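Trainee: Just my_file29.pdb, nothing more (PDB, C-alpha atoms):
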```
ATOM      1  CA  MET A 780       0.000   0.000   0.000  1.00  0.00           C
ATOM      2  CA  LEU A 781       2.710   2.489   0.977  1.00  0.00           C
ATOM      3  CA  GLU A 782       4.816   1.400  -1.981  1.00  0.00           C
ATOM      4  CA  ASN A 783       2.209   2.926  -4.329  1.00  0.00           C
ATOM      5  CA  LEU A 784       2.813   6.431  -2.976  1.00  0.00           C
ATOM      6  CA  THR A 785       4.798   9.015  -4.889  1.00  0.00           C
ATOM      7  CA  ASP A 786       7.729  10.714  -3.172  1.00  0.00           C
ATOM      8  CA  ILE A 787       5.748  13.912  -2.654  1.00  0.00           C
ATOM      9  CA  GLU A 788       2.787  11.980  -1.199  1.00  0.00           C
ATOM     10  CA  LYS A 789       5.203  10.331   1.251  1.00  0.00           C
ATOM     11  CA  GLU A 790       6.560  13.750   2.208  1.00  0.00           C
ATOM     12  CA  ILE A 791       3.027  15.061   2.796  1.00  0.00           C
ATOM     13  CA  MET A 792       2.173  11.974   4.861  1.00  0.00           C
ATOM     14  CA  LEU A 793       5.176  12.470   7.139  1.00  0.00           C
ATOM     15  CA  LEU A 794       4.572  16.203   7.467  1.00  0.00           C
ATOM     16  CA  LEU A 795       0.919  15.606   8.359  1.00  0.00           C
ATOM     17  CA  ILE A 796       1.746  13.195  11.187  1.00  0.00           C
ATOM     18  CA  GLN A 797       4.279  15.730  12.473  1.00  0.00           C
ATOM     19  CA  GLY A 798       1.374  18.125  12.890  1.00  0.00           C
ATOM     20  CA  GLN A 799       2.159  20.439  10.001  1.00  0.00           C
ATOM     21  CA  ASN A 800      -0.753  22.330   8.491  1.00  0.00           C
ATOM     22  CA  TYR A 801      -1.280  23.443   4.902  1.00  0.00           C
ATOM     23  CA  ASP A 802       0.846  26.557   5.347  1.00  0.00           C
ATOM     24  CA  GLY A 803       3.844  24.655   6.666  1.00  0.00           C
ATOM     25  CA  ILE A 804       3.546  21.875   4.091  1.00  0.00           C
ATOM     26  CA  SER A 805       3.071  24.190   1.124  1.00  0.00           C
ATOM     27  CA  GLU A 806       5.989  26.368   2.176  1.00  0.00           C
ATOM     28  CA  TYR A 807       8.274  23.357   2.687  1.00  0.00           C
ATOM     29  CA  LEU A 808       7.293  21.674  -0.588  1.00  0.00           C
ATOM     30  CA  ILE A 809       6.790  24.922  -2.528  1.00  0.00           C
ATOM     31  CA  ILE A 810       3.295  24.021  -3.745  1.00  0.00           C
ATOM     32  CA  ASP A 811       0.000  25.923  -3.752  1.00  0.00           C
ATOM     33  CA  TYR A 812      -3.247  25.034  -1.999  1.00  0.00           C
ATOM     34  CA  SER A 813      -4.914  23.369  -4.988  1.00  0.00           C
ATOM     35  CA  GLU A 814      -1.921  21.092  -5.578  1.00  0.00           C
ATOM     36  CA  TYR A 815      -1.826  20.248  -1.849  1.00  0.00           C
ATOM     37  CA  LYS A 816      -5.524  19.301  -1.893  1.00  0.00           C
ATOM     38  CA  ILE A 817      -5.058  17.038  -4.930  1.00  0.00           C
ATOM     39  CA  LEU A 818      -2.019  15.318  -3.417  1.00  0.00           C
ATOM     40  CA  LYS A 819      -3.671  14.861  -0.015  1.00  0.00           C
ATOM     41  CA  LYS A 820      -6.803  13.423  -1.621  1.00  0.00           C
ATOM     42  CA  SER A 821      -4.685  11.010  -3.678  1.00  0.00           C
ATOM     43  CA  LEU A 822      -2.705  10.019  -0.579  1.00  0.00           C
ATOM     44  CA  PHE A 823      -5.852   9.303   1.434  1.00  0.00           C
ATOM     45  CA  LYS A 824      -7.396   7.343  -1.444  1.00  0.00           C
ATOM     46  CA  LYS A 825      -4.303   5.163  -1.885  1.00  0.00           C
ATOM     47  CA  LEU A 826      -4.127   4.487   1.870  1.00  0.00           C
ATOM     48  CA  HIS A 827      -7.904   3.916   2.140  1.00  0.00           C
ATOM     49  CA  ILE A 828      -8.213   6.412   4.999  1.00  0.00           C
ATOM     50  CA  THR A 829     -10.358   9.430   5.806  1.00  0.00           C
ATOM     51  CA  LYS A 830      -8.450  11.043   8.710  1.00  0.00           C
ATOM     52  CA  ILE A 831      -4.850  12.035   9.318  1.00  0.00           C
ATOM     53  CA  ILE A 832      -4.731  10.033  12.562  1.00  0.00           C
ATOM     54  CA  GLN A 833      -5.179   6.835  10.531  1.00  0.00           C
ATOM     55  CA  ILE A 834      -1.709   7.302   9.011  1.00  0.00           C
ATOM     56  CA  LEU A 835       0.135   6.544  12.244  1.00  0.00           C
ATOM     57  CA  PRO A 836      -0.936   2.877  12.590  1.00  0.00           C
ATOM     58  CA  LEU A 837       0.015   2.258   8.949  1.00  0.00           C
ATOM     59  CA  LEU A 838       3.508   3.591   9.568  1.00  0.00           C
ATOM     60  CA  LEU A 839       3.865   1.501  12.722  1.00  0.00           C
ATOM     61  CA  GLN A 840       2.633  -1.671  10.987  1.00  0.00           C
ATOM     62  CA  ASN A 841       5.084  -1.183   8.137  1.00  0.00           C
ATOM     63  CA  GLY A 842       8.027  -0.503  10.444  1.00  0.00           C
ATOM     64  CA  LEU A 843       8.574   3.022   9.147  1.00  0.00           C
ATOM     65  CA  ILE A 844       8.474   4.499  12.643  1.00  0.00           C
ATOM     66  CA  ASP A 845       9.039   3.010  16.083  1.00  0.00           C
ATOM     67  CA  TYR A 846       6.544   3.053  18.901  1.00  0.00           C
ATOM     68  CA  ILE A 847       7.773   5.316  21.668  1.00  0.00           C
TER
END
```
Can the structure from this file be put into structure tokens for me?

Mentor:
Amino acid sequence: MLENLTDIEKEIMLLLIQGQNYDGISEYLIIDYSEYKILKKSLFKKLHITKIIQILPLLLQNGLIDYI
């Protein structure tokens, strides 16, 4: 599932779980709001999720982050 993500979708995923909002993400990635919305929608569709909080268990299950 995570292997289907583009590099920018992975970046957005990690920034979202760090608590970044649109402003922080768009500034870091140098993208505008419409591009952010498209990428976030694609990310959520590929992961079959509806909320940001659902990303964390996926990362834990795939060993991409450690439980603290």

Trainee: Please evaluate the PyMOL selection byres ((chain A and resi 785-789) around 12) against the structure above and give the resulting residues as a VMD selection string.

Mentor: chain A and resid 780 to 784 790 to 796 804 to 805 807 to 810 814 to 826 834 838 843

Trainee: By how many Å are atom CA of Leu835 of chain A and atom CA of Gln797 of chain A apart?

Mentor: 10.1 Å

Trainee: What does the distance between atom CA of Lys830 of chain A and atom CA of Tyr801 of chain A come to in Å, to one decimal place?

Mentor: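 Between atom CA of Lys830 of chain A and atom CA of Tyr801 of chain A the gap works out to 14.8 Å.
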
Trainee: Quick check, in Å to one decimal: how far apart do atom CA of Glu806 of chain A and atom CA of Gly842 of chain A lie?

Mentor: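 Those two atoms sit 28.2 Å apart.
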
Trainee: To box segment 789-804 of chain A, take all atoms listed in the file, fit an axis-aligned box, add 5 Å on each side, and give centre and edge lengths in Å to one decimal, as lines of an AutoDock Vina configuration file.

Mentor:
```
center_x = 2.6
center_y = 18.4
center_z = 7.1
size_x = 17.8
size_y = 26.2
size_z = 21.6
```
